[in-house]
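> The file below is final_6.cif, mmCIF, C-alpha atoms:
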```cif
data_model
#
loop_
_atom_site.label_atom_id
_atom_site.label_comp_id
_atom_site.auth_asym_id
_atom_site.auth_seq_id
_atom_site.Cartn_x
_atom_site.Cartn_y
_atom_site.Cartn_z
CA MET A 1 4.29 -1.63 0.16
CA ARG A 2 7.96 -2.54 0.08
CA ARG A 3 10.56 -2.28 -2.60
CA GLY A 4 14.01 -3.62 -3.42
CA PRO A 5 16.23 -6.50 -2.32
CA SER A 6 15.14 -5.49 1.15
CA VAL A 7 12.23 -3.64 -0.34
CA GLN A 8 8.86 -4.70 -1.44
CA ILE A 9 9.19 -3.70 -5.04
CA VAL A 10 12.14 -5.70 -6.43
CA ALA A 11 12.20 -9.39 -7.26
CA LEU A 12 14.67 -12.02 -6.10
CA THR A 13 13.96 -13.78 -9.38
CA VAL A 14 11.74 -12.99 -12.32
CA ALA A 15 9.51 -15.82 -11.13
CA MET A 16 8.31 -13.61 -8.29
CA LEU A 17 6.93 -10.93 -10.59
CA GLY A 18 3.34 -11.28 -9.47
CA VAL A 19 3.87 -10.58 -5.79
CA VAL A 20 1.66 -7.87 -4.39
CA ALA A 21 4.45 -5.51 -3.53
CA ALA A 22 2.08 -2.70 -3.39
CA SER A 23 1.41 -2.25 0.28
CA CYS A 24 4.88 -1.61 1.48
CA SER A 25 8.26 0.04 2.23
CA SER A 26 11.95 -0.61 2.76
CA ASP A 27 15.44 0.57 2.25
CA LYS A 28 17.36 2.35 -0.38
CA ALA A 29 20.75 1.44 1.02
CA THR A 30 19.89 3.21 4.25
CA PRO A 31 16.20 4.05 4.11
CA PRO A 32 15.41 7.73 4.19
CA THR A 33 13.88 9.14 7.29
CA SER A 34 10.70 11.13 7.35
CA GLN A 35 12.58 14.42 7.44
CA VAL A 36 12.29 17.10 4.80
CA ALA A 37 15.65 18.77 4.37
CA GLN A 38 14.31 22.18 3.45
CA THR A 39 11.03 23.99 3.91
CA VAL A 40 9.71 25.38 0.65
CA PRO A 41 6.49 27.37 0.38
CA VAL A 42 3.55 25.48 -1.10
CA ARG A 43 3.18 26.33 -4.78
CA SER A 44 0.69 29.02 -5.67
CA SER A 45 0.17 29.87 -9.33
CA ALA A 46 -2.65 30.82 -11.62
CA ASP A 47 -5.37 28.19 -11.80
CA ASP A 48 -5.46 26.94 -15.40
CA GLY A 49 -8.73 25.12 -14.81
CA VAL A 50 -7.37 21.77 -16.06
CA LEU A 51 -6.95 19.01 -13.51
CA THR A 52 -3.71 17.22 -14.41
CA ILE A 53 -2.89 14.03 -12.51
CA GLY A 54 0.38 12.13 -12.68
CA VAL A 55 0.54 8.38 -12.09
CA LEU A 56 3.82 7.26 -10.55
CA THR A 57 4.11 3.47 -10.59
CA PRO A 58 6.64 0.72 -11.35
CA GLN A 59 6.78 -0.04 -15.08
CA GLY A 60 8.74 -2.53 -17.15
CA SER A 61 9.95 -4.49 -14.14
CA ALA A 62 9.34 -7.78 -12.42
CA PHE A 63 6.47 -5.99 -10.72
CA THR A 64 4.94 -4.61 -13.87
CA GLU A 65 1.64 -6.35 -13.04
CA ILE A 66 1.31 -4.21 -9.91
CA GLY A 67 2.05 -1.02 -11.81
CA GLU A 68 -0.32 -1.99 -14.61
CA SER A 69 -3.11 -2.67 -12.14
CA ILE A 70 -2.67 0.73 -10.47
CA ARG A 71 -2.52 2.52 -13.83
CA ASN A 72 -5.64 0.72 -15.06
CA GLY A 73 -7.56 1.74 -11.95
CA ALA A 74 -6.48 5.36 -12.36
CA GLN A 75 -7.29 5.37 -16.08
CA LEU A 76 -10.76 3.91 -15.50
CA ALA A 77 -11.49 6.67 -13.00
CA VAL A 78 -10.35 9.37 -15.43
CA ASP A 79 -12.39 7.86 -18.28
CA LEU A 80 -15.55 7.85 -16.17
CA ILE A 81 -14.91 11.36 -14.84
CA ASN A 82 -14.45 12.71 -18.35
CA HIS A 83 -17.53 10.82 -19.56
CA ALA A 84 -19.44 12.62 -16.80
CA GLY A 85 -18.26 16.00 -18.08
CA GLY A 86 -14.89 16.34 -16.38
CA ILE A 87 -14.17 19.04 -13.83
CA ASN A 88 -16.37 22.05 -14.50
CA GLY A 89 -16.68 20.96 -18.12
CA THR A 90 -12.97 20.34 -18.71
CA GLY A 91 -11.47 16.86 -19.12
CA VAL A 92 -8.95 15.48 -16.64
CA ARG A 93 -5.44 14.82 -17.99
CA LEU A 94 -3.43 11.75 -16.94
CA ILE A 95 0.36 11.57 -17.28
CA ARG A 96 2.29 8.38 -16.54
CA GLU A 97 5.82 8.07 -15.19
CA ASP A 98 7.92 5.11 -14.02
CA GLU A 99 8.94 5.37 -10.37
CA ASP A 100 11.48 2.57 -11.00
CA VAL A 101 11.80 -0.52 -8.84
CA LEU A 102 15.24 0.41 -7.56
CA GLY A 103 14.46 4.07 -7.03
CA THR A 104 17.27 5.21 -9.37
CA ASN A 105 14.81 6.91 -11.71
CA LEU A 106 12.56 8.29 -8.98
CA ASP A 107 13.91 11.83 -8.89
CA ALA A 108 13.79 12.17 -12.67
CA ALA A 109 10.22 10.82 -12.79
CA ILE A 110 9.06 13.30 -10.14
CA ASP A 111 10.89 16.14 -11.90
CA ASN A 112 9.14 15.25 -15.16
CA LEU A 113 5.71 15.32 -13.53
CA ILE A 114 6.40 18.63 -11.81
CA ALA A 115 7.66 20.06 -15.11
CA ASP A 116 4.38 18.91 -16.68
CA LYS A 117 2.60 21.02 -14.04
CA VAL A 118 0.63 18.20 -12.49
CA ASP A 119 -1.76 19.20 -9.75
CA ALA A 120 -1.69 15.79 -8.08
CA ILE A 121 0.17 12.50 -8.24
CA VAL A 122 -1.21 9.01 -7.69
CA GLY A 123 1.81 7.38 -6.05
CA PRO A 124 4.53 6.65 -5.29
CA ALA A 125 3.59 3.00 -5.07
CA SER A 126 6.32 1.80 -2.73
CA SER A 127 6.75 3.21 0.74
CA ALA A 128 10.50 3.51 0.26
CA ASN A 129 9.94 5.67 -2.79
CA ALA A 130 7.29 7.65 -0.93
CA LEU A 131 9.74 8.32 1.90
CA ALA A 132 12.45 9.23 -0.61
CA GLY A 133 10.38 11.38 -2.97
CA LEU A 134 7.46 12.75 -1.00
CA GLY A 135 9.45 15.72 0.29
CA GLU A 136 10.14 16.89 -3.26
CA ILE A 137 6.50 16.41 -4.26
CA VAL A 138 5.02 18.39 -1.39
CA ASP A 139 7.73 21.05 -1.58
CA ALA A 140 6.57 21.61 -5.16
CA GLY A 141 3.07 22.14 -3.81
CA VAL A 142 1.65 19.00 -5.46
CA VAL A 143 -0.97 16.71 -3.90
CA ALA A 144 0.06 13.05 -3.54
CA CYS A 145 -2.28 10.11 -2.98
CA SER A 146 -0.67 6.69 -2.70
CA PRO A 147 -2.79 3.58 -3.23
CA THR A 148 -0.19 1.26 -1.73
CA ALA A 149 2.48 2.99 0.42
CA SER A 150 1.50 1.62 3.81
CA ALA A 151 4.64 2.11 5.93
CA SER A 152 3.97 3.45 9.40
CA LEU A 153 6.90 5.84 8.95
CA LEU A 154 4.53 7.82 6.73
CA ASP A 155 2.00 8.28 9.54
CA ASP A 156 3.62 11.49 10.71
CA PHE A 157 5.49 12.54 7.59
CA PRO A 158 5.79 16.37 7.40
CA ASP A 159 3.63 16.51 4.29
CA LYS A 160 2.15 20.03 4.54
CA ASN A 161 -1.26 18.35 4.48
CA LEU A 162 -0.72 17.36 0.84
CA PHE A 163 -0.27 13.58 1.23
CA PHE A 164 -3.12 11.07 1.39
CA ARG A 165 -3.37 7.33 0.96
CA THR A 166 -6.15 4.88 0.29
CA ILE A 167 -4.40 1.95 1.96
CA PRO A 168 -4.32 1.60 5.76
CA SER A 169 -1.09 2.17 7.64
CA ASP A 170 1.08 -0.74 8.72
CA THR A 171 0.43 0.50 12.26
CA LEU A 172 -3.09 -0.87 11.85
CA GLN A 173 -1.87 -3.98 10.03
CA GLY A 174 0.28 -4.72 13.07
CA THR A 175 -2.88 -4.83 15.18
CA ALA A 176 -4.51 -7.19 12.68
CA ILE A 177 -1.44 -9.44 12.69
CA ALA A 178 -1.64 -9.69 16.48
CA GLY A 179 -5.31 -10.62 16.11
CA ALA A 180 -4.34 -13.40 13.70
CA VAL A 181 -1.75 -14.68 16.19
CA ASP A 182 -4.40 -14.67 18.89
CA GLN A 183 -6.61 -16.84 16.67
CA THR A 184 -3.89 -19.52 16.53
CA GLY A 185 -4.25 -20.08 20.29
CA ALA A 186 -0.48 -19.97 20.77
CA GLY A 187 0.69 -18.88 24.20
CA GLN A 188 3.97 -17.43 22.94
CA ALA A 189 5.03 -15.68 19.75
CA THR A 190 8.37 -14.91 18.12
CA ILE A 191 8.70 -12.07 15.63
CA ALA A 192 11.29 -12.36 12.84
CA TYR A 193 11.63 -9.04 11.04
CA ILE A 194 13.61 -7.51 8.18
CA ASP A 195 16.17 -5.26 9.83
CA ASP A 196 15.55 -1.94 8.14
CA ALA A 197 13.42 1.12 8.87
CA TYR A 198 10.32 -0.57 7.47
CA GLY A 199 10.78 -3.77 9.47
CA GLN A 200 11.73 -2.00 12.66
CA SER A 201 8.62 0.19 12.69
CA PHE A 202 6.45 -2.80 11.74
CA LEU A 203 8.01 -4.80 14.59
CA SER A 204 7.03 -2.10 17.04
CA SER A 205 3.40 -2.11 15.86
CA VAL A 206 3.07 -5.90 16.08
CA SER A 207 4.87 -6.20 19.42
CA ASP A 208 2.74 -3.51 21.03
CA ALA A 209 -0.44 -5.14 19.74
CA LEU A 210 0.62 -8.57 21.02
CA SER A 211 1.30 -7.07 24.44
CA ASN A 212 -2.14 -5.48 24.45
CA LEU A 213 -3.65 -8.93 23.87
CA GLY A 214 -1.59 -10.46 26.67
CA ILE A 215 0.38 -12.75 24.33
CA ALA A 216 3.89 -13.58 25.60
CA GLN A 217 6.78 -12.79 23.28
CA THR A 218 10.36 -13.97 22.98
CA VAL A 219 13.11 -11.60 21.99
CA PRO A 220 12.51 -10.56 18.36
CA VAL A 221 14.91 -11.87 15.73
CA ALA A 222 16.28 -9.53 13.07
CA TYR A 223 17.51 -10.62 9.66
CA SER A 224 18.81 -9.00 6.49
CA SER A 225 18.37 -10.14 2.91
CA ASP A 226 21.64 -12.10 2.59
CA ASN A 227 21.57 -15.88 2.94
CA ASP A 228 23.97 -16.03 5.90
CA SER A 229 21.80 -13.66 7.94
CA ILE A 230 18.64 -15.54 7.03
CA GLY A 231 20.19 -18.88 7.95
CA ALA A 232 21.43 -17.68 11.33
CA ALA A 233 18.11 -16.03 12.12
CA ALA A 234 16.20 -19.17 11.19
CA ILE A 235 18.25 -21.24 13.64
CA LYS A 236 17.61 -18.67 16.38
CA VAL A 237 13.85 -18.58 15.75
CA ALA A 238 13.60 -22.38 15.75
CA SER A 239 15.50 -22.59 19.04
CA LEU A 240 12.91 -20.39 20.77
CA LYS A 241 10.15 -23.00 20.24
CA SER A 242 7.24 -20.58 20.03
CA GLY A 243 3.81 -21.81 19.04
CA ALA A 244 3.39 -18.83 16.69
CA VAL A 245 6.03 -17.20 14.50
CA VAL A 246 5.39 -13.83 12.87
CA VAL A 247 7.52 -13.19 9.79
CA ILE A 248 7.71 -9.54 8.72
CA GLY A 249 9.45 -9.24 5.40
CA ASP A 250 9.45 -7.98 1.87
CA ALA A 251 8.42 -9.80 -1.27
CA THR A 252 11.85 -11.27 -1.84
CA SER A 253 13.60 -12.12 1.43
CA GLY A 254 10.39 -12.66 3.41
CA PRO A 255 9.41 -15.96 1.74
CA VAL A 256 13.04 -17.14 1.92
CA MET A 257 13.06 -16.39 5.65
CA LEU A 258 9.77 -18.23 6.13
CA GLU A 259 11.01 -21.38 4.40
CA ALA A 260 14.35 -21.21 6.22
CA ILE A 261 12.63 -21.13 9.63
CA ASP A 262 10.38 -24.02 8.69
CA SER A 263 13.36 -26.09 7.56
CA LYS A 264 14.93 -25.70 11.02
CA GLU A 265 11.74 -26.61 12.91
CA THR A 266 12.34 -30.35 13.19
CA SER A 267 10.45 -31.17 16.38
CA PHE A 268 7.13 -29.38 15.76
CA SER A 269 5.39 -27.07 13.32
CA PRO A 270 4.42 -23.64 14.65
CA SER A 271 1.69 -21.49 13.18
CA TYR A 272 3.11 -18.81 10.91
CA VAL A 273 1.60 -15.36 10.43
CA ILE A 274 3.03 -13.24 7.62
CA ASN A 275 2.50 -9.70 6.35
CA ASP A 276 1.00 -8.55 3.06
CA ALA A 277 4.28 -8.38 1.12
CA MET A 278 4.33 -12.15 0.82
CA ARG A 279 1.11 -12.55 -1.14
CA ARG A 280 1.31 -14.60 -4.34
CA PRO A 281 -1.45 -13.28 -6.63
CA ALA A 282 -0.01 -14.36 -9.98
CA ALA A 283 0.49 -17.84 -11.37
CA SER A 284 4.05 -16.84 -12.29
CA ALA A 285 4.99 -16.11 -8.69
CA GLN A 286 7.29 -18.46 -6.78
CA ALA A 287 5.02 -20.77 -4.82
CA ILE A 288 5.23 -21.50 -1.11
CA PRO A 289 5.46 -25.30 -0.67
CA ASP A 290 2.12 -26.95 0.12
CA ALA A 291 3.32 -28.57 3.35
CA LEU A 292 4.44 -25.20 4.70
CA ALA A 293 1.44 -23.31 3.29
CA ALA A 294 -0.89 -25.41 5.45
CA HIS A 295 0.56 -23.68 8.54
CA VAL A 296 0.64 -20.11 7.16
CA THR A 297 -1.88 -17.31 7.60
CA GLY A 298 -1.26 -14.01 5.88
CA VAL A 299 -2.60 -10.59 6.85
CA SER A 300 -3.13 -7.91 4.25
CA PRO A 301 -5.10 -4.79 3.53
CA ILE A 302 -7.94 -5.72 1.19
CA ALA A 303 -6.19 -5.95 -2.17
CA TYR A 304 -9.02 -6.94 -4.49
CA SER A 305 -12.31 -5.16 -4.93
CA SER A 306 -15.46 -7.20 -4.40
CA ASP A 307 -17.69 -4.80 -6.36
CA PRO A 308 -18.97 -6.60 -9.51
CA ALA A 309 -19.65 -3.41 -11.48
CA PHE A 310 -16.17 -2.06 -10.81
CA LEU A 311 -14.49 -5.35 -11.68
CA ALA A 312 -16.48 -5.62 -14.91
CA ALA A 313 -15.56 -2.08 -15.94
CA LEU A 314 -11.93 -2.76 -15.10
CA GLY A 315 -11.86 -6.02 -17.06
CA SER A 316 -10.60 -7.92 -14.04
CA THR A 317 -10.55 -11.74 -14.27
CA PRO A 318 -9.31 -14.57 -12.02
CA ASP A 319 -6.12 -14.65 -14.10
CA LYS A 320 -5.83 -10.86 -13.89
CA PRO A 321 -6.99 -10.04 -10.34
CA SER A 322 -5.92 -6.37 -10.47
CA PRO A 323 -4.57 -5.88 -6.93
CA TYR A 324 -5.03 -2.38 -5.54
CA ALA A 325 -6.67 -1.07 -8.71
CA ALA A 326 -9.60 0.10 -6.59
CA ASN A 327 -7.19 2.02 -4.34
CA ALA A 328 -5.83 3.93 -7.34
CA TYR A 329 -9.37 4.46 -8.64
CA ASP A 330 -10.27 5.93 -5.24
CA CYS A 331 -7.26 8.27 -5.29
CA VAL A 332 -8.26 9.76 -8.63
CA ASN A 333 -11.90 10.14 -7.64
CA LEU A 334 -11.02 11.80 -4.33
CA ILE A 335 -8.72 14.25 -6.10
CA ALA A 336 -11.33 15.03 -8.76
CA LEU A 337 -14.21 15.38 -6.31
CA ALA A 338 -12.12 17.63 -4.09
CA ALA A 339 -11.35 19.82 -7.10
CA ARG A 340 -15.04 19.83 -8.02
CA SER A 341 -16.04 20.71 -4.46
CA ALA A 342 -13.43 23.48 -4.21
CA ARG A 343 -14.18 24.65 -7.77
CA SER A 344 -10.44 24.89 -8.18
CA THR A 345 -7.60 22.79 -9.54
CA GLN A 346 -5.08 24.45 -7.25
CA PRO A 347 -3.38 21.66 -5.26
CA VAL A 348 -3.76 23.39 -1.91
CA ASP A 349 -7.50 23.78 -2.53
CA ILE A 350 -7.82 20.15 -3.58
CA ALA A 351 -5.95 18.95 -0.49
CA SER A 352 -8.15 20.96 1.82
CA GLU A 353 -11.29 19.26 0.46
CA ILE A 354 -10.15 15.60 0.25
CA PRO A 355 -10.96 14.65 3.87
CA ALA A 356 -14.33 16.38 3.63
CA VAL A 357 -15.49 14.55 0.49
CA SER A 358 -14.56 11.16 1.98
CA ALA A 359 -16.51 11.38 5.24
CA SER A 360 -19.56 12.70 7.07
CA GLY A 361 -21.86 13.38 4.16
CA SER A 362 -24.32 11.83 1.75
CA PRO A 363 -22.90 8.43 0.66
CA CYS A 364 -22.05 8.08 -3.04
CA MET A 365 -19.98 5.54 -4.96
CA THR A 366 -19.05 7.08 -8.33
CA PHE A 367 -17.85 10.44 -9.53
CA ALA A 368 -21.05 11.05 -11.49
CA GLU A 369 -23.23 10.23 -8.49
CA CYS A 370 -21.10 12.29 -6.13
CA GLN A 371 -20.99 15.24 -8.53
CA HIS A 372 -24.78 15.24 -8.66
CA ASP A 373 -24.93 15.15 -4.87
CA LEU A 374 -22.52 18.08 -4.62
CA ASP A 375 -25.09 20.14 -6.52
CA THR A 376 -27.96 19.11 -4.24
CA VAL A 377 -26.53 18.53 -0.75
CA THR A 378 -23.95 20.26 1.41
CA ASN A 379 -21.59 17.34 2.06
CA ILE A 380 -20.77 14.06 0.35
CA ASN A 381 -19.14 10.87 1.53
CA TYR A 382 -17.33 9.18 -1.38
CA ASP A 383 -17.27 5.48 -0.57
CA GLY A 384 -15.91 4.08 -3.84
CA PRO A 385 -16.27 0.43 -4.81
CA ASP A 386 -15.46 -0.94 -1.35
CA SER A 387 -16.23 1.75 1.24
CA LEU A 388 -13.54 4.29 2.12
CA THR A 389 -13.18 6.92 4.82
CA LEU A 390 -10.14 9.12 5.47
CA ASP A 391 -9.39 11.03 8.62
CA ALA A 392 -8.26 14.65 8.77
CA LYS A 393 -4.63 13.53 8.31
CA GLY A 394 -5.50 11.69 5.12
CA ASP A 395 -5.23 8.16 6.51
CA VAL A 396 -7.76 5.34 6.18
CA THR A 397 -9.90 4.85 9.27
CA ASN A 398 -11.45 1.62 10.59
CA PRO A 399 -10.18 -0.65 7.80
CA THR A 400 -10.89 -4.34 7.42
CA PHE A 401 -7.96 -6.64 6.69
CA GLU A 402 -7.93 -9.93 4.83
CA LEU A 403 -6.63 -13.17 6.23
CA PHE A 404 -5.22 -15.12 3.30
CA LYS A 405 -3.90 -18.62 2.79
CA PHE A 406 -2.28 -20.40 -0.13
CA GLU A 407 -3.76 -22.88 -2.57
CA ASN A 408 -1.80 -24.23 -5.52
CA GLY A 409 0.92 -21.71 -4.81
CA ARG A 410 -1.34 -18.65 -5.03
CA ASP A 411 -2.85 -16.64 -2.24
CA VAL A 412 -6.60 -16.86 -1.66
CA LYS A 413 -8.81 -14.91 0.71
CA ASP A 414 -9.74 -16.93 3.77
CA SER A 415 -11.66 -14.47 5.97
CA THR A 416 -11.48 -10.90 7.22
CA ILE A 417 -10.44 -9.25 10.47
CA PRO A 418 -11.33 -5.68 11.49
#
```
How would this structure read if it were set down as structure tokens?

Amino acid sequence: MRRGPSVQIVALTVAMLGVVAASCSSDKATPPTSQVAQTVPVRSSADDGVLTIGVLTPQGSAFTEIGESIRNGAQLAVDLINHAGGINGTGVRLIREDEDVLGTNLDAAIDNLIADKVDAIVGPASSANALAGLGEIVDAGVVACSPTASASLLDDFPDKNLFFRTIPSDTLQGTAIAGAVDQTGAGQATIAYIDDAYGQSFLSSVSDALSNLGIAQTVPVAYSSDNDSIGAAAIKVASLKSGAVVVIGDATSGPVMLEAIDSKETSFSPSYVINDAMRRPAASAQAIPDALAAHVTGVSPIAYSSDPAFLAALGSTPDKPSPYAANAYDCVNLIALAARSARSTQPVDIASEIPAVSASGSPCMTFAECQHDLDTVTNINYDGPDSLTLDAKGDVTNPTFELFKFENGRDVKDSTIP
């Protein structure tokens, strides 16, 4: 997920408020690197027996729909856990904080959650905020599970084994994007990418995957979020005459870059492949013109659950699609099941059990079902609404991605690609 004017969680205009910014990253002036400035021992204190989970999401912003969807998924999980008896007979507490779309309130929000003695945090939502705030979270000895921070810069973050995510890394999305380019039949591809840490790492993933498929590439074209840079980059991309153009961008400048390139392509229309930040799930989002949309294929982690029971419990409707709610629901259930398995609400104990409860055991889909299985079998494999497995590092393994197109200005699922 991206955030900001060059980040996937800030809008160019209020009209773009429905964009699925959730699977993302970007800059905060100069994006933070994945370095923790100081090593602090993991927190160890008396176990109070109460599992307290913070939810760190964007609130009251142009992307409030994303934050609301994540919070609703987390709240549904807590409600069902508590209905099933909680953790060892004690209800789970949920505390909400606003991570802020610009990141200016991020430190205060994290400080508030730590002061409230949370054991785990669902979030941050944006990758930029994860890169900026994750060091403080893990230094405090708190588990973090992000439903949407997909940046590949987080792959090797020094997280003390306390960070997990229920969305696949952009490293894997880069492979899926190359697969989508291959499906166009184009013999040559040009990559236009947002020139920040997020875009640069994404560029590397896509370029490597294209090379592995034997697809020729031109020199990549970088752009920033200002109009002059976008205009110059669009002219450069058009001059390269590639049959496929990959646009890697955030929710704001990405669509502008896409339309700018298309406006310069006067002699032919290439096939465009775009990343997940440019989805348009809400009717209020700025639409991609129909003539351009006919040539665009998007690639995204699966954003919407297909499980009828989950969607009914969530209250999801076509007008309220609830992107990434299932990812947040999975985060809460993994944290709770790990605490139940460890018979501890100590963060370090929870973290040690999360990979184990998500793989290589008896399959189960709900907390109640999994809790029952924990009493009767040695290992469980929490699958959630849409099948989930994490590796030992806490990353999603073997994900399926969606290929999406646009109809009437909104994105719609077209097919899937492993």
> Tell me which of A:Ala197, A:Ile215, A:Ile335, A:Ala149 sits closest to A:Ala277, counting only C-alpha atoms.
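Closest candidate: A:Ala149.
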> Just want the 9 Å neighbourhood of A:Phe367, counted on all atoms listed in the file, with same-chain residues fewer than 4 positions away dropped. Output as a PyMOL selection string.
chain A and resi 77+80-81+84+333-334+336-337+371-372+382+384
> Would you export the selected residues with C-alpha atoms as a short mmCIF file (atom, residue, chain, number, x, y, z; two decimals), in the frame of the given file, please?

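Heads up, here's the output in part-v9.cif:
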```cif
data_model
loop_
_atom_site.label_atom_id
_atom_site.label_comp_id
_atom_site.auth_asym_id
_atom_site.auth_seq_id
_atom_site.Cartn_x
_atom_site.Cartn_y
_atom_site.Cartn_z
CA ALA A 77 -11.49 6.67 -13.00
CA LEU A 80 -15.55 7.85 -16.17
CA ILE A 81 -14.91 11.36 -14.84
CA ALA A 84 -19.44 12.62 -16.80
CA ASN A 333 -11.90 10.14 -7.64
CA LEU A 334 -11.02 11.80 -4.33
CA ALA A 336 -11.33 15.03 -8.76
CA LEU A 337 -14.21 15.38 -6.31
CA GLN A 371 -20.99 15.24 -8.53
CA HIS A 372 -24.78 15.24 -8.66
CA TYR A 382 -17.33 9.18 -1.38
CA GLY A 384 -15.91 4.08 -3.84
#
```
> If we count all atoms listed in the file, what is near A:Asn227 at a cut-off of 10 Å, once residues fewer than 4 positions away on the same chain are taken out, given as a PyMOL selection string?
chain A and resi 223+231-233+253+256-257+260
> With only C-alpha atoms as the atoms that count, which of A:Pro308, A:Pro270, A:Pro363, A:Gly243 lies nearest to A:His295?
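Nearest candidate to A:His295 out of A:Pro308, A:Pro270, A:Pro363, A:Gly243: A:Pro270.
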> Would you kindly return, as a PyMOL selection string, each protein, DNA or RNA residue with an atom no farther than 6 Å from any atom of A:Ile121, considering all atoms listed in the file and excluding same-chain residues fewer than 5 positions away?
chain A and resi 53-55+144
> So how many Å separate atom CA of A:Thr64 and atom CA of A:Pro323, to one decimal?
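These two atoms are separated by 11.8 Å.
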> The PyMOL selection byres ((chain A and resi 188) around 10) on the file shown: which residues, as a PDB file with C-alpha atoms, in the coordinates of the input?

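Output contents, as saved in selection08.pdb:
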```
ATOM      1  CA  VAL A 181      -1.750 -14.680  16.190  1.00  0.00           C
ATOM      2  CA  ASP A 182      -4.400 -14.670  18.890  1.00  0.00           C
ATOM      3  CA  GLY A 185      -4.250 -20.080  20.290  1.00  0.00           C
ATOM      4  CA  ALA A 186      -0.480 -19.970  20.770  1.00  0.00           C
ATOM      5  CA  GLY A 187       0.690 -18.880  24.200  1.00  0.00           C
ATOM      6  CA  ALA A 189       5.030 -15.680  19.750  1.00  0.00           C
ATOM      7  CA  THR A 190       8.370 -14.910  18.120  1.00  0.00           C
ATOM      8  CA  LEU A 210       0.620  -8.570  21.020  1.00  0.00           C
ATOM      9  CA  GLY A 214      -1.590 -10.460  26.670  1.00  0.00           C
ATOM     10  CA  ILE A 215       0.380 -12.750  24.330  1.00  0.00           C
ATOM     11  CA  ALA A 216       3.890 -13.580  25.600  1.00  0.00           C
ATOM     12  CA  GLN A 217       6.780 -12.790  23.280  1.00  0.00           C
ATOM     13  CA  THR A 218      10.360 -13.970  22.980  1.00  0.00           C
ATOM     14  CA  LEU A 240      12.910 -20.390  20.770  1.00  0.00           C
ATOM     15  CA  LYS A 241      10.150 -23.000  20.240  1.00  0.00           C
ATOM     16  CA  SER A 242       7.240 -20.580  20.030  1.00  0.00           C
ATOM     17  CA  GLY A 243       3.810 -21.810  19.040  1.00  0.00           C
ATOM     18  CA  ALA A 244       3.390 -18.830  16.690  1.00  0.00           C
ATOM     19  CA  VAL A 245       6.030 -17.200  14.500  1.00  0.00           C
TER      20      VAL A 245
END
```
> Evaluate the PyMOL selection byres ((chain A and resi 112) around 12) here and jot the selected residues down as an NGL selection string.
:A and (54-56 or 95-99 or 105-111 or 113-118 or 121 or 137)
> Put those residues in a file: C-alpha atoms, as a short mmCIF file (atom, residue, chain, number, x, y, z; two decimals), keeping the file's coordinate frame.

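To be explicit, this is the file written out as out17.cif:
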```
data_model
loop_
_atom_site.label_atom_id
_atom_site.label_comp_id
_atom_site.auth_asym_id
_atom_site.auth_seq_id
_atom_site.Cartn_x
_atom_site.Cartn_y
_atom_site.Cartn_z
CA GLY A 54 0.38 12.13 -12.68
CA VAL A 55 0.54 8.38 -12.09
CA LEU A 56 3.82 7.26 -10.55
CA ILE A 95 0.36 11.57 -17.28
CA ARG A 96 2.29 8.38 -16.54
CA GLU A 97 5.82 8.07 -15.19
CA ASP A 98 7.92 5.11 -14.02
CA GLU A 99 8.94 5.37 -10.37
CA ASN A 105 14.81 6.91 -11.71
CA LEU A 106 12.56 8.29 -8.98
CA ASP A 107 13.91 11.83 -8.89
CA ALA A 108 13.79 12.17 -12.67
CA ALA A 109 10.22 10.82 -12.79
CA ILE A 110 9.06 13.30 -10.14
CA ASP A 111 10.89 16.14 -11.90
CA LEU A 113 5.71 15.32 -13.53
CA ILE A 114 6.40 18.63 -11.81
CA ALA A 115 7.66 20.06 -15.11
CA ASP A 116 4.38 18.91 -16.68
CA LYS A 117 2.60 21.02 -14.04
CA VAL A 118 0.63 18.20 -12.49
CA ILE A 121 0.17 12.50 -8.24
CA ILE A 137 6.50 16.41 -4.26
#
```
> Could you give me, as a tab-separated table, a per-residue list for stretch 254-363 of chain A showing, wherever an atom lies at most 7 Å from an atom of stretch 402-408 of chain A, the closest pair of atoms and their distance in Å to one decimal, using all atoms listed in the file and sorting by chain then residue number from low to high?

```
residue	atom	partner	partner_atom	distance
A:Ala293	CA	A:Phe406	CA	5.8
A:Val296	CA	A:Lys405	CA	6.5
A:Thr297	CA	A:Lys405	CA	5.4
A:Gly298	CA	A:Phe404	CA	4.9
A:Val299	CA	A:Leu403	CA	4.8
A:Ser300	CA	A:Glu402	CA	5.2
A:Pro301	CA	A:Glu402	CA	6.0
A:Ile302	CA	A:Glu402	CA	5.6
```
> Just give me the residues with any atom within 6 Å of (-17.1, 10.4, 4.6), file coordinates, counting all atoms listed in the file, written as a list in words.
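Protein, DNA and RNA residues close to (-17.1, 10.4, 4.6): Ser358, Ala359, Ser360, Gly361, Asn381 and Thr389 of chain A.
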> Name the residues, using the chain letters and numbers of the file, that sit within 9 Å of (17.8, -5.9, 9.4) when counting only C-alpha atoms, and give them as a PyMOL selection string.
chain A and resi 6+193-197+199-200+222-225+229
> As a ChimeraX atom specification, please: the residues near A:Gly315 (cut-off 12 Å, all atoms listed in the file, same-chain neighbours under 6 positions excluded).
/A:69,72-73,76,308-309,321-322,325
> Around all the atoms of stretch 369-375 of chain A listed in the file, draw an axis-aligned box and extend it by 4 Å on each of the six sides; I want its centre and edge lengths in Å to one decimal, as JSON.

```
{"center_x": -23.0, "center_y": 15.2, "center_z": -6.6, "size_x": 12.1, "size_y": 17.9, "size_z": 12.0}
```
> Neighbouring residues of stretch 158-170 of chain A were defined as those with any atom within 6 Å, considering all atoms listed in the file; residues of the same chain fewer than 3 positions away were excluded. Please report them as a VMD selection string.
chain A and resid 143 to 148 150 to 152 173 to 174 327 351 394 to 396
